[in-house]
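What follows is the content of data_19.cif, which has mmCIF, C-alpha atoms:
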data_entry
loop_
_atom_site.label_atom_id
_atom_site.label_comp_id
_atom_site.auth_asym_id
_atom_site.auth_seq_id
_atom_site.Cartn_x
_atom_site.Cartn_y
_atom_site.Cartn_z
CA MET Q 1 -0.11 26.89 9.57
CA GLU Q 2 0.59 24.95 12.72
CA CYS Q 3 3.81 22.98 12.59
CA VAL Q 4 4.44 19.99 14.78
CA PHE Q 5 7.16 17.43 14.22
CA GLY Q 6 9.19 14.91 16.17
CA LEU Q 7 11.74 12.13 15.97
CA VAL Q 8 13.16 9.27 18.01
CA GLY Q 9 16.86 9.16 18.86
CA ASN Q 10 19.11 6.97 20.94
CA GLY Q 11 17.13 6.48 24.13
CA PHE Q 12 15.11 9.67 23.77
CA ALA Q 13 12.34 11.24 21.70
CA ILE Q 14 12.14 14.88 20.73
CA VAL Q 15 9.10 16.87 19.64
CA ALA Q 16 8.96 20.44 18.42
CA ALA Q 17 5.91 22.61 17.89
CA ASP Q 18 5.31 26.15 16.80
CA THR Q 19 3.98 28.52 19.47
CA SER Q 20 1.67 30.89 17.63
CA ALA Q 21 -1.95 31.16 18.63
CA VAL Q 22 -3.62 32.49 15.51
CA HIS Q 23 -7.20 33.52 14.74
CA SER Q 24 -7.71 34.36 11.07
CA ILE Q 25 -5.23 37.17 10.38
CA LEU Q 26 -4.55 38.02 14.02
CA VAL Q 27 -1.78 36.48 16.10
CA HIS Q 28 -3.13 36.34 19.65
CA LYS Q 29 0.12 35.24 21.23
CA ASN Q 30 3.56 34.00 20.26
CA ASN Q 31 4.34 31.74 23.18
CA GLU Q 32 1.47 29.23 23.29
CA ASP Q 33 2.81 25.92 24.50
CA LYS Q 34 1.29 23.17 22.38
CA ILE Q 35 3.28 20.31 23.86
CA MET Q 36 1.60 18.99 26.98
CA VAL Q 37 3.45 16.90 29.53
CA LEU Q 38 1.17 13.92 30.02
CA ASP Q 39 3.01 12.38 32.93
CA SER Q 40 6.58 11.98 34.05
CA HIS Q 41 7.67 10.20 30.86
CA LYS Q 42 5.20 11.20 28.15
CA LEU Q 43 4.66 14.19 25.94
CA ILE Q 44 1.76 14.99 23.68
CA ALA Q 45 2.33 17.53 20.91
CA ALA Q 46 -0.97 18.53 19.40
CA SER Q 47 -2.03 20.65 16.47
CA GLY Q 48 -5.45 21.57 15.19
CA GLU Q 49 -8.57 23.41 16.30
CA PRO Q 50 -7.41 25.34 19.41
CA GLY Q 51 -10.40 24.53 21.62
CA ASP Q 52 -10.33 20.83 20.72
CA ARG Q 53 -6.56 20.73 21.16
CA VAL Q 54 -6.64 21.98 24.74
CA GLN Q 55 -9.80 20.11 25.74
CA PHE Q 56 -8.78 16.79 24.25
CA THR Q 57 -5.18 16.77 25.46
CA GLU Q 58 -6.28 17.75 28.96
CA TYR Q 59 -8.87 14.97 28.85
CA VAL Q 60 -6.18 12.45 27.90
CA GLN Q 61 -3.86 13.80 30.59
CA LYS Q 62 -6.49 13.47 33.31
CA ASN Q 63 -7.36 9.95 32.25
CA VAL Q 64 -3.72 8.91 32.21
CA SER Q 65 -3.36 10.28 35.77
CA LEU Q 66 -6.54 8.51 36.82
CA TYR Q 67 -5.18 5.19 35.59
CA GLN Q 68 -2.05 5.74 37.62
CA PHE Q 69 -4.03 6.57 40.75
CA ARG Q 70 -6.31 3.59 40.37
CA ASN Q 71 -3.71 1.02 39.43
CA GLY Q 72 -0.57 2.27 41.10
CA ILE Q 73 1.53 2.05 37.96
CA PRO Q 74 1.73 4.42 34.99
CA LEU Q 75 0.49 3.55 31.53
CA THR Q 76 3.05 2.61 28.91
CA THR Q 77 3.40 4.93 25.95
CA ALA Q 78 1.80 2.35 23.67
CA ALA Q 79 -1.17 2.00 26.01
CA ALA Q 80 -1.61 5.76 26.29
CA ALA Q 81 -1.41 6.08 22.49
CA ASN Q 82 -3.99 3.36 22.00
CA PHE Q 83 -6.27 4.95 24.59
CA THR Q 84 -5.99 8.29 22.78
CA ARG Q 85 -6.76 6.63 19.46
CA GLY Q 86 -9.76 4.88 20.97
CA GLU Q 87 -11.18 8.17 22.27
CA LEU Q 88 -10.69 9.85 18.91
CA ALA Q 89 -12.23 6.88 17.09
CA THR Q 90 -15.29 6.81 19.36
CA ALA Q 91 -15.85 10.55 18.94
CA LEU Q 92 -15.19 10.43 15.20
CA ARG Q 93 -18.70 9.63 14.10
CA LYS Q 94 -20.43 11.66 16.80
CA ASN Q 95 -18.60 14.93 17.46
CA PRO Q 96 -15.10 14.61 16.09
CA TYR Q 97 -12.08 16.29 17.59
CA SER Q 98 -9.98 18.11 15.01
CA VAL Q 99 -6.65 17.41 16.71
CA ASN Q 100 -3.55 15.80 15.27
CA ILE Q 101 -1.24 14.32 17.86
CA LEU Q 102 2.36 13.20 18.15
CA MET Q 103 2.81 11.27 21.37
CA ALA Q 104 6.38 10.77 22.57
CA GLY Q 105 7.28 8.64 25.53
CA TYR Q 106 9.95 6.64 27.27
CA ASP Q 107 9.38 3.22 28.83
CA LYS Q 108 12.04 1.15 30.58
CA GLU Q 109 11.38 -1.95 28.46
CA ALA Q 110 10.44 -0.41 25.14
CA GLY Q 111 12.77 2.58 25.22
CA ALA Q 112 11.81 5.80 23.50
CA SER Q 113 8.87 5.77 21.10
CA LEU Q 114 6.86 8.19 19.00
CA TYR Q 115 3.26 7.67 17.94
CA TYR Q 116 1.53 9.46 15.07
CA ILE Q 117 -2.23 9.85 15.69
CA ASP Q 118 -4.13 11.89 13.18
CA TYR Q 119 -7.54 13.53 13.66
CA ILE Q 120 -9.44 10.59 12.20
CA ALA Q 121 -7.76 8.25 14.68
CA THR Q 122 -5.15 6.62 12.47
CA LEU Q 123 -2.45 5.36 14.83
CA HIS Q 124 1.06 4.42 13.82
CA LYS Q 125 4.33 4.01 15.66
CA VAL Q 126 6.96 6.01 13.76
CA ASP Q 127 10.59 7.07 13.96
CA LYS Q 128 9.81 10.52 12.64
CA GLY Q 129 6.51 12.28 12.12
CA ALA Q 130 5.07 15.68 11.34
CA PHE Q 131 1.75 17.47 10.89
CA GLY Q 132 0.61 20.58 9.12
CA TYR Q 133 2.02 22.51 6.17
CA GLY Q 134 5.39 22.43 7.91
CA SER Q 135 5.39 18.66 7.47
CA TYR Q 136 6.16 19.04 3.76
CA PHE Q 137 9.48 20.60 4.74
CA SER Q 138 10.31 18.89 8.02
CA LEU Q 139 9.56 15.34 6.85
CA SER Q 140 11.77 15.70 3.80
CA THR Q 141 14.57 17.24 5.85
CA MET Q 142 14.29 14.45 8.40
CA ASP Q 143 14.18 11.80 5.64
CA ARG Q 144 17.49 13.14 4.39
CA HIS Q 145 19.39 13.51 7.66
CA TYR Q 146 17.78 11.11 10.12
CA ARG Q 147 19.61 8.06 11.42
CA SER Q 148 18.21 5.61 13.92
CA ASP Q 149 20.66 6.22 16.78
CA MET Q 150 21.19 9.96 16.85
CA SER Q 151 22.53 11.65 19.94
CA VAL Q 152 20.65 14.56 21.51
CA GLU Q 153 23.02 17.10 19.94
CA GLU Q 154 22.61 15.60 16.47
CA ALA Q 155 18.82 15.47 16.90
CA ILE Q 156 18.67 19.11 17.98
CA GLU Q 157 20.78 20.00 14.93
CA LEU Q 158 18.24 18.20 12.77
CA VAL Q 159 15.32 19.92 14.51
CA ASP Q 160 17.02 23.26 13.89
CA LYS Q 161 17.50 22.37 10.22
CA CYS Q 162 13.75 21.65 10.01
CA ILE Q 163 12.85 24.90 11.75
CA LEU Q 164 15.15 26.80 9.40
CA GLU Q 165 13.52 25.13 6.42
CA ILE Q 166 10.02 25.96 7.68
CA ARG Q 167 11.01 29.56 8.42
CA SER Q 168 12.52 30.12 5.02
CA ARG Q 169 10.03 28.22 2.82
CA LEU Q 170 6.58 28.39 4.43
CA VAL Q 171 4.70 31.51 3.41
CA ILE Q 172 3.24 32.42 6.83
CA ALA Q 173 5.86 30.66 8.85
CA PRO Q 174 5.45 30.68 12.60
CA PRO Q 175 8.25 32.69 14.19
CA ASN Q 176 8.73 30.75 17.42
CA PHE Q 177 9.10 27.07 18.32
CA VAL Q 178 9.33 25.10 21.53
CA ILE Q 179 11.33 21.88 21.72
CA LYS Q 180 10.64 19.25 24.37
CA ILE Q 181 12.47 16.01 25.05
CA VAL Q 182 11.61 12.78 26.83
CA ASP Q 183 14.18 10.21 27.94
CA LYS Q 184 14.90 7.98 30.91
CA ASP Q 185 15.15 11.05 33.13
CA GLY Q 186 11.67 12.22 32.23
CA ALA Q 187 9.78 14.59 30.00
CA ARG Q 188 10.90 18.20 30.04
CA GLU Q 189 11.23 21.37 28.05
CA HIS Q 190 14.49 21.47 26.19
CA ALA Q 191 14.67 24.81 24.41
CA TRP Q 192 12.79 27.61 22.69
CA ARG Q 193 13.67 28.96 19.28
CA GLN Q 194 12.35 32.49 19.17
CA SER Q 195 12.69 35.03 16.44
CA VAL Q 196 9.89 37.28 17.71
CA GLN Q 197 9.31 38.03 21.37
CA ASP Q 198 5.95 39.21 22.71
CA VAL Q 199 6.15 42.96 23.08
CA THR Q 200 3.84 44.99 25.33
CA THR Q 201 3.04 48.62 24.55
CA ALA Q 202 4.47 49.69 27.91
CA SER Q 203 7.95 48.63 26.89
CA VAL Q 204 7.84 50.31 23.46
CA MET P 1 -10.77 12.41 -3.86
CA SER P 2 -12.99 9.67 -2.44
CA ILE P 3 -12.64 8.82 1.23
CA PHE P 4 -11.68 5.26 0.23
CA GLN P 5 -8.61 6.71 -1.43
CA TYR P 6 -7.54 8.84 1.52
CA ASN P 7 -4.92 6.44 2.86
CA GLY P 8 -4.20 4.20 -0.16
CA SER P 9 -4.18 0.41 -0.02
CA ALA P 10 -3.95 -2.82 -2.01
CA VAL P 11 -4.96 -6.28 -0.84
CA VAL P 12 -5.16 -9.52 -2.83
CA ALA P 13 -5.80 -13.16 -1.93
CA MET P 14 -5.36 -16.26 -4.09
CA VAL P 15 -6.28 -19.91 -3.83
CA GLY P 16 -3.77 -22.69 -4.40
CA LYS P 17 -3.69 -26.44 -3.95
CA ASN P 18 -4.69 -26.94 -0.30
CA CYS P 19 -3.18 -23.56 0.50
CA PHE P 20 -3.90 -19.88 0.10
CA ALA P 21 -1.93 -16.66 -0.04
CA ILE P 22 -2.96 -13.18 1.08
CA ALA P 23 -0.88 -10.10 0.37
CA SER P 24 -1.06 -6.38 0.94
CA ASP P 25 1.00 -3.30 0.30
CA ARG P 26 2.70 -1.46 3.19
CA ARG P 27 2.09 2.22 2.54
CA LEU P 28 0.23 4.43 4.97
CA GLY P 29 -0.43 7.79 3.38
CA VAL P 30 -2.49 10.89 3.90
CA GLN P 31 -3.52 11.69 0.34
CA LEU P 32 -0.31 12.64 -1.41
CA GLN P 33 1.96 12.43 1.63
CA THR P 34 3.48 9.12 2.78
CA ILE P 35 3.45 8.76 6.55
CA ALA P 36 4.82 5.24 7.01
CA THR P 37 6.05 2.30 4.97
CA ASP P 38 5.30 -0.49 7.41
CA PHE P 39 1.57 -0.36 7.92
CA GLN P 40 -0.09 -3.66 8.81
CA ARG P 41 -3.21 -4.31 6.80
CA ILE P 42 -3.54 -8.05 7.30
CA SER P 43 -4.49 -9.62 10.62
CA LYS P 44 -4.37 -13.24 11.69
CA ILE P 45 -7.64 -14.36 13.17
CA HIS P 46 -6.41 -17.89 13.78
CA ASP P 47 -3.78 -20.14 12.26
CA HIS P 48 -5.89 -20.90 9.21
CA LEU P 49 -7.78 -17.62 8.83
CA PHE P 50 -6.55 -14.20 7.77
CA ILE P 51 -8.31 -10.97 6.99
CA GLY P 52 -6.90 -8.04 5.03
CA LEU P 53 -8.70 -4.73 5.06
CA SER P 54 -8.28 -1.97 2.50
CA GLY P 55 -9.74 1.51 2.73
CA LEU P 56 -9.65 4.12 5.48
CA ALA P 57 -6.84 3.26 7.90
CA THR P 58 -8.67 4.33 11.03
CA ASP P 59 -11.55 1.95 10.28
CA VAL P 60 -9.05 -0.80 9.37
CA GLN P 61 -7.57 -0.37 12.84
CA THR P 62 -10.93 -0.22 14.59
CA LEU P 63 -12.09 -3.43 12.94
CA GLU P 64 -8.89 -5.43 12.86
CA GLY P 65 -6.36 -4.54 15.47
CA TYR P 66 -8.51 -3.23 18.20
CA GLN P 67 -12.05 -4.33 18.55
CA ARG P 68 -14.66 -6.03 16.54
CA LEU P 69 -12.99 -8.87 14.70
CA VAL P 70 -10.15 -10.34 16.73
CA PHE P 71 -12.18 -9.71 19.89
CA ARG P 72 -15.29 -11.41 18.50
CA HIS P 73 -13.30 -14.41 17.39
CA LYS P 74 -11.69 -14.74 20.81
CA LEU P 75 -15.13 -14.75 22.41
CA TYR P 76 -16.25 -17.39 19.92
CA GLN P 77 -13.20 -19.48 20.80
CA LEU P 78 -14.04 -19.26 24.49
CA ARG P 79 -17.65 -20.28 23.96
CA GLU P 80 -17.26 -22.93 21.26
CA GLU P 81 -13.79 -24.16 22.24
CA ARG P 82 -12.71 -24.23 18.62
CA ASP P 83 -11.67 -21.89 15.82
CA MET P 84 -14.19 -20.28 13.53
CA LYS P 85 -14.65 -21.67 10.05
CA PRO P 86 -13.80 -19.16 7.32
CA GLU P 87 -17.34 -19.18 5.94
CA THR P 88 -18.72 -18.41 9.39
CA PHE P 89 -16.20 -15.63 9.90
CA ALA P 90 -17.10 -14.12 6.55
CA SER P 91 -20.74 -14.05 7.59
CA LEU P 92 -19.75 -12.44 10.89
CA VAL P 93 -17.79 -9.70 9.13
CA SER P 94 -20.65 -9.15 6.72
CA ALA P 95 -23.08 -8.76 9.63
CA ILE P 96 -20.77 -6.38 11.51
CA LEU P 97 -20.40 -4.20 8.44
CA TYR P 98 -24.12 -4.17 7.69
CA GLU P 99 -24.91 -3.11 11.26
CA LYS P 100 -23.42 0.22 10.23
CA ARG P 101 -25.40 0.36 6.99
CA PHE P 102 -26.16 4.09 7.25
CA GLY P 103 -22.81 5.14 8.67
CA PRO P 104 -20.48 2.43 7.43
CA TYR P 105 -16.90 1.45 8.19
CA LEU P 106 -15.08 2.67 5.11
CA CYS P 107 -13.17 -0.55 4.42
CA GLN P 108 -13.32 -3.46 2.04
CA PRO P 109 -12.26 -6.75 3.63
CA VAL P 110 -10.54 -9.66 1.94
CA ILE P 111 -10.92 -12.88 3.89
CA ALA P 112 -8.83 -15.98 3.25
CA GLY P 113 -8.83 -19.22 5.17
CA LEU P 114 -8.55 -22.99 5.13
CA GLY P 115 -11.91 -24.59 5.82
CA GLU P 116 -12.93 -28.14 6.44
CA ASP P 117 -10.55 -30.74 4.96
CA ASP P 118 -8.10 -27.88 4.42
CA LYS P 119 -10.05 -26.61 1.48
CA PRO P 120 -9.04 -22.98 0.78
CA PHE P 121 -11.71 -20.31 1.04
CA ILE P 122 -11.48 -16.70 -0.10
CA CYS P 123 -14.00 -13.93 -0.31
CA THR P 124 -14.24 -10.18 -0.41
CA MET P 125 -17.03 -7.78 0.40
CA ASP P 126 -17.85 -4.14 -0.02
CA SER P 127 -18.02 -1.66 2.85
CA ILE P 128 -21.57 -2.66 3.80
CA GLY P 129 -20.98 -6.41 3.79
CA ALA P 130 -22.02 -7.69 0.37
CA LYS P 131 -20.06 -10.93 0.05
CA GLU P 132 -18.32 -11.97 -3.14
CA LEU P 133 -17.10 -15.55 -3.11
CA ALA P 134 -14.51 -16.57 -5.66
CA LYS P 135 -12.71 -19.73 -6.61
CA ASP P 136 -9.50 -18.14 -7.78
CA PHE P 137 -8.59 -14.71 -6.43
CA VAL P 138 -10.08 -11.63 -4.80
CA VAL P 139 -8.75 -8.08 -4.71
CA SER P 140 -9.51 -4.76 -3.05
CA GLY P 141 -8.04 -1.32 -2.55
CA THR P 142 -7.02 1.67 -4.62
CA ALA P 143 -5.03 -0.62 -6.94
CA SER P 144 -7.92 -3.06 -7.39
CA GLU P 145 -8.35 -2.56 -11.13
CA SER P 146 -4.68 -3.26 -11.80
CA LEU P 147 -4.86 -6.18 -9.40
CA TYR P 148 -7.78 -7.69 -11.29
CA GLY P 149 -5.82 -7.53 -14.53
CA ALA P 150 -2.55 -8.82 -13.14
CA SER P 151 -4.18 -11.64 -11.17
CA GLU P 152 -6.32 -12.74 -14.11
CA ALA P 153 -3.25 -12.91 -16.30
CA MET P 154 -0.94 -14.65 -13.84
CA TYR P 155 -3.30 -17.00 -12.02
CA LYS P 156 -3.40 -20.74 -12.61
CA PRO P 157 -5.50 -23.18 -10.58
CA ASP P 158 -3.91 -25.69 -8.19
CA MET P 159 -0.60 -23.98 -7.63
CA GLU P 160 1.65 -25.23 -4.87
CA ALA P 161 2.71 -22.89 -2.07
CA ASP P 162 5.99 -21.69 -3.60
CA GLU P 163 4.54 -21.03 -7.02
CA LEU P 164 1.54 -19.32 -5.42
CA PHE P 165 3.88 -17.04 -3.49
CA GLU P 166 5.68 -16.05 -6.69
CA THR P 167 2.43 -15.43 -8.52
CA ILE P 168 0.75 -13.35 -5.83
CA SER P 169 3.92 -11.32 -5.23
CA GLN P 170 4.35 -10.48 -8.91
CA ALA P 171 0.67 -9.62 -9.25
CA LEU P 172 0.80 -7.34 -6.20
CA LEU P 173 4.03 -5.55 -7.07
CA SER P 174 3.16 -4.94 -10.71
CA SER P 175 -0.26 -3.58 -9.72
CA VAL P 176 0.90 -1.22 -6.98
CA ASP P 177 3.59 0.12 -9.29
CA ARG P 178 0.78 1.60 -11.37
CA ASP P 179 -0.93 3.14 -8.37
CA CYS P 180 0.62 6.14 -6.68
CA LEU P 181 -1.36 5.65 -3.45
CA SER P 182 -0.22 2.12 -2.67
CA GLY P 183 3.10 0.32 -2.65
CA TRP P 184 6.30 0.78 -0.67
CA GLY P 185 6.81 -2.96 -0.52
CA GLY P 186 4.54 -5.90 0.10
CA HIS P 187 3.55 -8.21 2.92
CA VAL P 188 2.70 -11.77 1.87
CA TYR P 189 1.34 -14.64 3.95
CA VAL P 190 1.28 -18.11 2.38
CA VAL P 191 -0.70 -20.56 4.49
CA THR P 192 -0.67 -24.32 4.15
CA PRO P 193 -2.28 -26.77 6.59
CA ASN P 194 0.98 -27.06 8.49
CA GLU P 195 2.66 -23.69 8.41
CA ILE P 196 2.32 -19.99 7.82
CA LYS P 197 5.09 -18.33 5.80
CA GLU P 198 5.24 -14.58 6.22
CA ARG P 199 7.44 -12.64 3.84
CA ILE P 200 8.16 -8.97 3.22
CA LEU P 201 8.64 -7.92 -0.41
CA LYS P 202 10.85 -5.12 -1.51
CA GLY P 203 9.47 -3.47 -4.62
CA ARG P 204 9.75 0.01 -6.05
CA MET P 205 9.96 2.18 -2.96
CA ASP P 206 8.06 5.15 -4.27
#
Rewrite the structure of this file - the entire thing - as structure tokens.
Amino acid sequence: MECVFGLVGNGFAIVAADTSAVHSILVHKNNEDKIMVLDSHKLIAASGEPGDRVQFTEYVQKNVSLYQFRNGIPLTTAAAANFTRGELATALRKNPYSVNILMAGYDKEAGASLYYIDYIATLHKVDKGAFGYGSYFSLSTMDRHYRSDMSVEEAIELVDKCILEIRSRLVIAPPNFVIKIVDKDGAREHAWRQSVQDVTTASV
Amino acid sequence: MSIFQYNGSAVVAMVGKNCFAIASDRRLGVQLQTIATDFQRISKIHDHLFIGLSGLATDVQTLEGYQRLVFRHKLYQLREERDMKPETFASLVSAILYEKRFGPYLCQPVIAGLGEDDKPFICTMDSIGAKELAKDFVVSGTASESLYGASEAMYKPDMEADELFETISQALLSSVDRDCLSGWGGHVYVVTPNEIKERILKGRMD
């Protein structure tokens, strides 16, 4: 029931992901950050098999850093997305990673961009994308309200509409979401949307 | 659902008088869900040679955009200092696909080109490289059965470029309208010895 979705606005890209770490019927934790900051201007929101998700995104992050160390300049978002797709495609017929990825980035020349990469290494540059059961609700909501030059406030409103839709219509809806943004000033956490906080027995 | 129907696709190529046309739909889906409506299924190998791939999108991208085909042709150009003939390219694609005979790329290519003396050449093959040459039209994808019917009905030999464009567009749009997995517009290339005309079609967007 992992929900990941994102959209591109006017000079920025926003991604939101749920933050539940679930194993069968047990919720391990409610504040698992599934959006990794790849480098100063790239975010990777991943959903799928938890082990693969962490391993693969860390692998991509380390390789992106390595490129920057070796060559002195950072990869563009398109290049990083194509590298990620290549790794998924190579592993696909050997030991596939079950990870779906939305890669958001900002480049000076290309502006903000969002790449949809699914677990069988289908890559596509999109304006809005989503994975998981939540995608049935968030994609439709975004189709209705999205425009190509939204401001940050309008985009956050749309993200909140999607989260509301997921919370009200998905049977085991994740309670908490994290929202991260990437624009010319970099990639950073924007907000959390929490309806359930982690509670320890000591505080009860 | 078969893995060939996972993403949804439709590709058709037709022969005209010293010209050819190749067209594809634009939908990228994941089974019932539409992800994008601007997916590129046709790649230019050189000015007189195009390949369209239907089937699983990830394999379409591996073969076309990224490695394998465009790369191999560029190497050929460096070594031979000329463009590949369409017949040669078709044999190359067939060989590449058969290399993976027991773990194939899940695509069906449609190749269209102008050969020697600007004679149009089209062919299709299955996912393990069995070539099918044709004199009139070739089709592939989830809408292939509709495409066969529509093309058979609408095709005439020796059409000029403009008439060929009309014919292939109508055949494509009417076929994808009967297939829920393909559609969302069309992408048509009409190639004559002197120019390539690329056009986007707007059909039923559903």
Using all atoms listed in the file for the distances, tell me which of Q:Glu87, Q:Glu32, Q:Asp198, Q:Asp107 is nearest to chain P.
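Checking each candidate against chain P, we get Q:Glu87 as the closest.
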Hey, what's within 12 Å of Val27 of chain Q if we count only C-alpha atoms and toss same-chain stuff fewer than 2 positions away? As number ranges by chain, please?
Q: 1, 19-25, 29-32, 172, 174-175, 196, 198
Resolved residues for the PyMOL selection byres ((chain P) within 10 of (chain Q)) as a list in words:
Asn7, Leu28, Val30, Gln33, Thr34, Ile35, Ala36, Thr37, Asp38, Phe39, Gln40, Leu56, Ala57, Thr58, Asp59, Val60, Gln61, Thr62, Tyr66, Gln67, Gly103 and Pro104 of chain P
Selected residues written out with C-alpha atoms, as a compact mmCIF listing (two decimals), in the frame of the given file:
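What ended up in part-v8.txt:
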# COMPACT_ATOMS: atom_id res chain seq x y z
CA ASN P 7 -4.92 6.44 2.86
CA LEU P 28 0.23 4.43 4.97
CA VAL P 30 -2.49 10.89 3.90
CA GLN P 33 1.96 12.43 1.63
CA THR P 34 3.48 9.12 2.78
CA ILE P 35 3.45 8.76 6.55
CA ALA P 36 4.82 5.24 7.01
CA THR P 37 6.05 2.30 4.97
CA ASP P 38 5.30 -0.49 7.41
CA PHE P 39 1.57 -0.36 7.92
CA GLN P 40 -0.09 -3.66 8.81
CA LEU P 56 -9.65 4.12 5.48
CA ALA P 57 -6.84 3.26 7.90
CA THR P 58 -8.67 4.33 11.03
CA ASP P 59 -11.55 1.95 10.28
CA VAL P 60 -9.05 -0.80 9.37
CA GLN P 61 -7.57 -0.37 12.84
CA THR P 62 -10.93 -0.22 14.59
CA TYR P 66 -8.51 -3.23 18.20
CA GLN P 67 -12.05 -4.33 18.55
CA GLY P 103 -22.81 5.14 8.67
CA PRO P 104 -20.48 2.43 7.43
What residues have an atom no more than 6 Å from (-1.8, 15.8, 24.2) in the file's own frame, counting only C-alpha atoms, and can you write them as a VMD selection string?
chain Q and resid 36 44 to 46 57
Apply the PyMOL selection byres ((chain Q and resi 39) around 8) to the displayed file and report the matching residues as a PyMOL selection string.
chain Q and resi 37-38+40-43+61+64-65+187
Which residues match the PyMOL selection byres ((chain Q and resi 4-12) around 6) in the file above, as a PyMOL selection string?
chain Q and resi 3+13-17+111-112+127-131+149-151+182-183
Requested write-out: C-alpha atoms of the selected residues, as a PDB file, in the coordinates of the input:
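Below is the file selection.pdb, written as the result:
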ATOM      1  CA  CYS Q   3       3.810  22.980  12.590  1.00  0.00           C
ATOM      2  CA  ALA Q  13      12.340  11.240  21.700  1.00  0.00           C
ATOM      3  CA  ILE Q  14      12.140  14.880  20.730  1.00  0.00           C
ATOM      4  CA  VAL Q  15       9.100  16.870  19.640  1.00  0.00           C
ATOM      5  CA  ALA Q  16       8.960  20.440  18.420  1.00  0.00           C
ATOM      6  CA  ALA Q  17       5.910  22.610  17.890  1.00  0.00           C
ATOM      7  CA  GLY Q 111      12.770   2.580  25.220  1.00  0.00           C
ATOM      8  CA  ALA Q 112      11.810   5.800  23.500  1.00  0.00           C
ATOM      9  CA  ASP Q 127      10.590   7.070  13.960  1.00  0.00           C
ATOM     10  CA  LYS Q 128       9.810  10.520  12.640  1.00  0.00           C
ATOM     11  CA  GLY Q 129       6.510  12.280  12.120  1.00  0.00           C
ATOM     12  CA  ALA Q 130       5.070  15.680  11.340  1.00  0.00           C
ATOM     13  CA  PHE Q 131       1.750  17.470  10.890  1.00  0.00           C
ATOM     14  CA  ASP Q 149      20.660   6.220  16.780  1.00  0.00           C
ATOM     15  CA  MET Q 150      21.190   9.960  16.850  1.00  0.00           C
ATOM     16  CA  SER Q 151      22.530  11.650  19.940  1.00  0.00           C
ATOM     17  CA  VAL Q 182      11.610  12.780  26.830  1.00  0.00           C
ATOM     18  CA  ASP Q 183      14.180  10.210  27.940  1.00  0.00           C
TER      19      ASP Q 183
END
Go ahead and fit an axis-aligned box to every listed atom of segment 39-51 of chain Q plus 6 Å each side, and pass me the centre and edge lengths in Å, one decimal, as JSON.
{"center_x": -1.4, "center_y": 17.8, "center_z": 24.6, "size_x": 30.1, "size_y": 27.1, "size_z": 30.9}
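Separating atom CA of Thr76 of chain Q from atom CA of Phe50 of chain P is a distance of 28.7 Å.
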Only N, CA, C and O atoms, please: segment 6-14 of chain Q from the block, as an mmCIF file, in the first residue's frame.
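For reference, decode_21.cif as written:
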data_model
loop_
_atom_site.group_PDB
_atom_site.id
_atom_site.type_symbol
_atom_site.label_atom_id
_atom_site.label_comp_id
_atom_site.auth_asym_id
_atom_site.auth_seq_id
_atom_site.Cartn_x
_atom_site.Cartn_y
_atom_site.Cartn_z
ATOM 1 N N GLY Q 6 4.262 12.530 -7.514
ATOM 2 C CA GLY Q 6 5.005 13.773 -7.679
ATOM 3 C C GLY Q 6 4.522 14.546 -8.877
ATOM 4 O O GLY Q 6 3.808 14.013 -9.726
ATOM 5 N N LEU Q 7 4.900 15.833 -8.929
ATOM 6 C CA LEU Q 7 4.517 16.668 -10.060
ATOM 7 C C LEU Q 7 5.552 17.774 -10.259
ATOM 8 O O LEU Q 7 6.323 18.099 -9.360
ATOM 9 N N VAL Q 8 5.525 18.340 -11.463
ATOM 10 C CA VAL Q 8 6.460 19.414 -11.809
ATOM 11 C C VAL Q 8 5.683 20.724 -11.848
ATOM 12 O O VAL Q 8 4.609 20.802 -12.429
ATOM 13 N N GLY Q 9 6.237 21.754 -11.202
ATOM 14 C CA GLY Q 9 5.585 23.067 -11.212
ATOM 15 C C GLY Q 9 6.455 24.078 -11.926
ATOM 16 O O GLY Q 9 7.304 23.731 -12.756
ATOM 17 N N ASN Q 10 6.291 25.317 -11.575
ATOM 18 C CA ASN Q 10 6.994 26.396 -12.245
ATOM 19 C C ASN Q 10 8.392 26.564 -11.658
ATOM 20 O O ASN Q 10 8.581 27.284 -10.695
ATOM 21 N N GLY Q 11 9.358 25.853 -12.222
ATOM 22 C CA GLY Q 11 10.718 25.957 -11.720
ATOM 23 C C GLY Q 11 11.006 25.082 -10.515
ATOM 24 O O GLY Q 11 12.004 25.286 -9.819
ATOM 25 N N PHE Q 12 10.138 24.123 -10.238
ATOM 26 C CA PHE Q 12 10.375 23.218 -9.117
ATOM 27 C C PHE Q 12 9.686 21.894 -9.401
ATOM 28 O O PHE Q 12 8.817 21.801 -10.275
ATOM 29 N N ALA Q 13 10.083 20.876 -8.641
ATOM 30 C CA ALA Q 13 9.383 19.588 -8.711
ATOM 31 C C ALA Q 13 9.136 19.137 -7.283
ATOM 32 O O ALA Q 13 9.983 19.330 -6.413
ATOM 33 N N ILE Q 14 7.976 18.558 -7.078
ATOM 34 C CA ILE Q 14 7.589 18.129 -5.728
ATOM 35 C C ILE Q 14 7.315 16.636 -5.755
ATOM 36 O O ILE Q 14 6.693 16.146 -6.701
#
